[in-house]
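Working notes for the structure below.
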2 protein chains.
Amino acid sequence: MSVQERKERERAIRERLILATARELAEQQGWEAVTTRRLAERIEYSQPVLYSHFRGKREIIGAVAVEGAAEMATALRAAAAAADGPRARVAALAHAYLDFAARNPAVYDAMFQLDGGLDFATADTPEPLKDAFAALLESLGEVAGDDVHPGVVTEVFWAALHGLATLTRSGRLPPAFAEGRTELLVDHFARR
Amino acid sequence: MSVQERKERERAIRERLILATARELAEQQGWEAVTTRRLAERIEYSQPVLYSHFRGKREIIGAVAVEGAAEMATALRAAAAAADGPRARVAALAHAYLDFAARNPAVYDAMFQLDGGLDFATADTPEPLKDAFAALLESLGEVAGDDVHPGVVTEVFWAALHGLATLTRSGRLPPAFAEGRTELLVDHFARR
DNA sequence: TCGGATGTCTAGCGGTGCTAGGATCGCTGC
DNA sequence: GCAGCGATCCTAGCACCGCTAGACATCCGA
């Protein structure tokens, strides 16, 4: 049985290599540069090998997204834990979120801009995605009014962060005053 | 001179035909279905004709975006004008914005998701884009606190609307409670 | 009526995601 | 130790993409 185990191990290693390479290439030159040919060349295999691991490019994007969601959840929780008080926690969350988006634009795109074939807000949603949302919910629940649903508050807060992240990066919001916008957002959600 | 004028007129008509066809095709089947071949076939000309009007596909997207921005500005102003009081105006704006995004997803994508080669937040920004932002600013300024810049408030409000629009349409926010999210957003921005 | 400019098309380039089919490699049972 | 077989991988190719060079026809002005 050892042979089979070794093969599975090697397959898993190669799969991680594919994902790491795709992510690296995407961060360096954007997702449009991540073609199956280039990706295959970088991992030093032929194209069809990619299709023995993933159904297609979309599924590769999806896998990178799930990976990224886990990282984001960790980053958000770390930021919240390091802050004192509800208002500070929400501010820390906002900064951590936008920071993650700015530092990992390709991963962020995989998560929230591109089609990775993932289910959102359903039972089949990958755990890391639900967890990242939960990380937001934990601190937002503290500042939600008694008369509103914490989940809804979190959704709107998330949508605002997402808008800031994407519009800023695409140049639709001026880079200046980015900090001011973040502070204003936090004020509106954590004032009570 | 009459001949030349007629030719220019015909050229202008064909250019509008290209844009209308591109928009229609994009709304029907998404922008990925808008290929130069299909577009050329629909307008009953060969591909190279497209390139005598636009530098490339990107510029076609940009032109549709500018067209859409003018429409959106009109829709926003109409909504605001029909509402009584600052709070109601902001609510009307939010609904009109999200309604426009939901009814014209392809145009919305051209404006805010895709690369149409347009400048944003600069001096070269096409007038309709600036005007659509101005339409938001007019009503948001009324509810901005005295100690904050109305422009920044509008930017954050816009970002939140953009997040709601895109995350909802891509299935990342559940369709349920969409109305609740909108109301909550308005509450947070038009409470004073 | 003719020459030339203008406009349009055919054909093709290098790229994309994806896949069928053959070759080669490595494991397993004798 | 070796033969046969199954898993694994690659070559080659499909249909499509955005875009363009160059041939061709058409229409205008003299």
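A note on labels: chains of the structure tokens are A, B, ... as shown, every chain counts residues from 1, and ligands are counted from 1 in their shown order.
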Within 10 Å of DC27 (chain D) using only C-alpha atoms (C1' of nucleotides), minus same-chain residues under 5 positions, as an mmCIF file with N, CA and C atoms (P, O5', C5', C4', C3', O3' and C1' of nucleotides), in the first residue's frame:
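Dumped everything to result-v5.cif:
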```cif
data_model
loop_
_atom_site.group_PDB
_atom_site.id
_atom_site.type_symbol
_atom_site.label_atom_id
_atom_site.label_comp_id
_atom_site.auth_asym_id
_atom_site.auth_seq_id
_atom_site.Cartn_x
_atom_site.Cartn_y
_atom_site.Cartn_z
ATOM 1 P P DA C 5 -4.929 59.813 -54.382
ATOM 2 O "O5'" DA C 5 -5.922 59.890 -53.138
ATOM 3 C "C5'" DA C 5 -6.977 60.845 -53.165
ATOM 4 C "C4'" DA C 5 -8.255 60.238 -52.611
ATOM 5 C "C3'" DA C 5 -8.109 59.610 -51.199
ATOM 6 O "O3'" DA C 5 -9.176 60.109 -50.408
ATOM 7 C "C1'" DA C 5 -9.170 58.105 -52.666
ATOM 8 P P DT C 6 -9.079 60.080 -48.832
ATOM 9 O "O5'" DT C 6 -10.465 59.390 -48.438
ATOM 10 C "C5'" DT C 6 -11.556 59.440 -49.368
ATOM 11 C "C4'" DT C 6 -12.420 58.209 -49.206
ATOM 12 C "C3'" DT C 6 -12.359 57.571 -47.805
ATOM 13 O "O3'" DT C 6 -13.678 57.559 -47.283
ATOM 14 C "C1'" DT C 6 -12.160 55.917 -49.499
ATOM 15 P P DG C 7 -13.969 57.090 -45.794
ATOM 16 O "O5'" DG C 7 -14.507 55.605 -46.045
ATOM 17 C "C5'" DG C 7 -15.524 55.411 -47.002
ATOM 18 C "C4'" DG C 7 -15.671 53.932 -47.303
ATOM 19 C "C3'" DG C 7 -15.773 53.051 -46.056
ATOM 20 O "O3'" DG C 7 -16.959 52.283 -46.172
ATOM 21 C "C1'" DG C 7 -14.170 52.178 -47.561
#
```
Closest-contact table, chain A side, partner chain B, 6 Å, counting only C-alpha atoms, as CSV:
```
residue,atom,partner,partner_atom,distance
A:Phe120,CA,B:Arg172,CA,5.0
A:Ala159,CA,B:Gly163,CA,4.2
A:Ala160,CA,B:Ala160,CA,3.7
A:His162,CA,B:Gly163,CA,5.5
A:Gly163,CA,B:Ala159,CA,4.1
A:Leu164,CA,B:Ala159,CA,5.3
A:Arg172,CA,B:Phe120,CA,5.0
A:His188,CA,B:His188,CA,5.8
```
Kindly export the residues of the current selection with all heavy atoms, as a PDB file, in the first residue's frame.
```
ATOM      1  N   PHE A 120     -21.927  30.614  -2.543  1.00  0.00           N
ATOM      2  CA  PHE A 120     -21.880  31.550  -1.424  1.00  0.00           C
ATOM      3  C   PHE A 120     -23.232  31.551  -0.741  1.00  0.00           C
ATOM      4  O   PHE A 120     -24.270  31.370  -1.377  1.00  0.00           O
ATOM      5  CB  PHE A 120     -21.563  32.965  -1.918  1.00  0.00           C
ATOM      6  CG  PHE A 120     -20.125  33.162  -2.229  1.00  0.00           C
ATOM      7  CD1 PHE A 120     -19.590  32.703  -3.428  1.00  0.00           C
ATOM      8  CD2 PHE A 120     -19.283  33.778  -1.319  1.00  0.00           C
ATOM      9  CE1 PHE A 120     -18.249  32.883  -3.722  1.00  0.00           C
ATOM     10  CE2 PHE A 120     -17.946  33.959  -1.610  1.00  0.00           C
ATOM     11  CZ  PHE A 120     -17.417  33.514  -2.812  1.00  0.00           C
ATOM     12  N   ALA A 159     -20.207  44.779   2.561  1.00  0.00           N
ATOM     13  CA  ALA A 159     -20.424  45.350   1.226  1.00  0.00           C
ATOM     14  C   ALA A 159     -19.699  46.684   1.087  1.00  0.00           C
ATOM     15  O   ALA A 159     -19.075  46.967   0.052  1.00  0.00           O
ATOM     16  CB  ALA A 159     -21.919  45.529   0.965  1.00  0.00           C
ATOM     17  N   ALA A 160     -19.742  47.481   2.122  1.00  0.00           N
ATOM     18  CA  ALA A 160     -19.066  48.781   2.078  1.00  0.00           C
ATOM     19  C   ALA A 160     -17.558  48.593   1.958  1.00  0.00           C
ATOM     20  O   ALA A 160     -16.892  49.261   1.162  1.00  0.00           O
ATOM     21  CB  ALA A 160     -19.408  49.591   3.325  1.00  0.00           C
ATOM     22  N   HIS A 162     -16.063  46.021   0.755  1.00  0.00           N
ATOM     23  CA  HIS A 162     -15.811  45.475  -0.583  1.00  0.00           C
ATOM     24  C   HIS A 162     -15.826  46.595  -1.625  1.00  0.00           C
ATOM     25  O   HIS A 162     -14.969  46.647  -2.514  1.00  0.00           O
ATOM     26  CB  HIS A 162     -16.864  44.426  -0.919  1.00  0.00           C
ATOM     27  CG  HIS A 162     -16.723  43.856  -2.295  1.00  0.00           C
ATOM     28  ND1 HIS A 162     -15.661  43.066  -2.671  1.00  0.00           N
ATOM     29  CD2 HIS A 162     -17.486  43.994  -3.408  1.00  0.00           C
ATOM     30  CE1 HIS A 162     -15.792  42.719  -3.948  1.00  0.00           C
ATOM     31  NE2 HIS A 162     -16.896  43.273  -4.420  1.00  0.00           N
ATOM     32  N   GLY A 163     -16.774  47.478  -1.511  1.00  0.00           N
ATOM     33  CA  GLY A 163     -16.838  48.611  -2.434  1.00  0.00           C
ATOM     34  C   GLY A 163     -15.594  49.473  -2.339  1.00  0.00           C
ATOM     35  O   GLY A 163     -14.988  49.833  -3.357  1.00  0.00           O
ATOM     36  N   LEU A 164     -15.180  49.785  -1.122  1.00  0.00           N
ATOM     37  CA  LEU A 164     -13.973  50.600  -0.948  1.00  0.00           C
ATOM     38  C   LEU A 164     -12.767  49.886  -1.555  1.00  0.00           C
ATOM     39  O   LEU A 164     -11.964  50.483  -2.274  1.00  0.00           O
ATOM     40  CB  LEU A 164     -13.730  50.872   0.539  1.00  0.00           C
ATOM     41  CG  LEU A 164     -14.695  51.848   1.217  1.00  0.00           C
ATOM     42  CD1 LEU A 164     -14.371  51.975   2.696  1.00  0.00           C
ATOM     43  CD2 LEU A 164     -14.633  53.222   0.544  1.00  0.00           C
ATOM     44  N   ARG A 172     -11.173  53.964  -9.332  1.00  0.00           N
ATOM     45  CA  ARG A 172     -12.442  54.688  -9.406  1.00  0.00           C
ATOM     46  C   ARG A 172     -12.654  55.576  -8.190  1.00  0.00           C
ATOM     47  O   ARG A 172     -13.457  56.503  -8.224  1.00  0.00           O
ATOM     48  CB  ARG A 172     -13.605  53.705  -9.591  1.00  0.00           C
ATOM     49  CG  ARG A 172     -13.636  53.114 -11.002  1.00  0.00           C
ATOM     50  CD  ARG A 172     -14.624  51.965 -11.119  1.00  0.00           C
ATOM     51  NE  ARG A 172     -14.878  51.588 -12.506  1.00  0.00           N
ATOM     52  CZ  ARG A 172     -14.276  50.604 -13.163  1.00  0.00           C
ATOM     53  NH1 ARG A 172     -13.354  49.890 -12.557  1.00  0.00           N
ATOM     54  NH2 ARG A 172     -14.576  50.336 -14.425  1.00  0.00           N
ATOM     55  N   HIS A 188     -19.765  55.329  11.193  1.00  0.00           N
ATOM     56  CA  HIS A 188     -21.179  55.100  10.917  1.00  0.00           C
ATOM     57  C   HIS A 188     -21.681  53.773  11.473  1.00  0.00           C
ATOM     58  O   HIS A 188     -22.874  53.592  11.671  1.00  0.00           O
ATOM     59  CB  HIS A 188     -21.453  55.151   9.407  1.00  0.00           C
ATOM     60  CG  HIS A 188     -21.617  56.547   8.891  1.00  0.00           C
ATOM     61  ND1 HIS A 188     -20.549  57.363   8.601  1.00  0.00           N
ATOM     62  CD2 HIS A 188     -22.722  57.282   8.633  1.00  0.00           C
ATOM     63  CE1 HIS A 188     -20.999  58.537   8.175  1.00  0.00           C
ATOM     64  NE2 HIS A 188     -22.305  58.513   8.182  1.00  0.00           N
TER      65      HIS A 188
END
```
> Taking only C-alpha atoms (C1' of nucleotides) into account, what are the residues of chain D at most 10 Å from chain A, put as an MDAnalysis selection string?
Replying inline: chainID D and resid 8:11
>> Give me, as a PyMOL selection string, the residues of chain A that a backbone DSSP run labels alpha helix (DSSP H).
In response: chain A and resi 2-29+36-43+47-53+57-81+86-103+105-112+127-143+150-169+178-189
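Considering the residues B:Val34, B:Val90, B:Ala82, B:Leu50 and counting only C-alpha atoms (C1' of nucleotides), chain C has its shortest atom-to-atom contact with B:Leu50.
If you take only C-alpha atoms (C1' of nucleotides) and a cut-off of 8 Å, the residues of chain C that reach chain A are DT16, DG17 and DC18 of chain C.
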> What lies within 8 Å of Leu19 (chain B) using only C-alpha atoms (C1' of nucleotides), ignoring chain neighbours under 5 positions off, as a PyMOL selection string?
Replying inline: chain B and resi 60+63-64
Take the residues from that selection and write them out as a PDB file, in the first residue's frame, keeping N, CA, C and O atoms.
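Written output follows (part35.pdb):
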```pdb
ATOM      1  N   ILE B  60     -15.039  49.928 -26.750  1.00  0.00           N
ATOM      2  CA  ILE B  60     -16.489  49.734 -26.897  1.00  0.00           C
ATOM      3  C   ILE B  60     -17.134  49.654 -25.520  1.00  0.00           C
ATOM      4  O   ILE B  60     -18.168  50.277 -25.258  1.00  0.00           O
ATOM      5  N   ALA B  63     -17.325  53.070 -24.071  1.00  0.00           N
ATOM      6  CA  ALA B  63     -18.380  53.899 -24.653  1.00  0.00           C
ATOM      7  C   ALA B  63     -19.745  53.538 -24.084  1.00  0.00           C
ATOM      8  O   ALA B  63     -20.575  54.414 -23.799  1.00  0.00           O
ATOM      9  N   VAL B  64     -19.966  52.233 -23.901  1.00  0.00           N
ATOM     10  CA  VAL B  64     -21.222  51.798 -23.290  1.00  0.00           C
ATOM     11  C   VAL B  64     -21.305  52.311 -21.852  1.00  0.00           C
ATOM     12  O   VAL B  64     -22.377  52.725 -21.380  1.00  0.00           O
TER      13      VAL B  64
END
```
>> Env of DG14 (chain C): 12 Å cut, atoms = only C-alpha atoms (C1' of nucleotides), seq-sep filter 2 positions within chain, self excluded. Answer as a ChimeraX atom specification.
In response: /C:12,16 /D:17-20
>> One number please: CA of Glu179 (chain B) to CA of His95 (chain B), in Å, one decimal.
In response: 8.9 Å
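Comparing B:Leu39, B:Trp31, B:Glu44, B:Arg11 by their smallest distance to DC9 (chain C), the closest is B:Glu44 (using only C-alpha atoms (C1' of nucleotides)).
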>> Taking 2 positions as the minimum chain separation for residues in the same chain, which residues sit within 10 Å of Ile18 (chain A) when counting only C-alpha atoms (C1' of nucleotides)? Answer as a PyMOL selection string.
In response: chain A and resi 12-16+20-24+39-40+42-43+49-50+53-54+60+64
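In terms of minimum interatomic distance to Asn104 (chain A), A:Met72 ranks closest within A:Gln4, A:Leu137, A:Glu32, A:Met72, counting only C-alpha atoms.
Taking CA of Gly141 (chain A) and CA of Ala92 (chain B) as endpoints, the distance between them is 27.6 Å.
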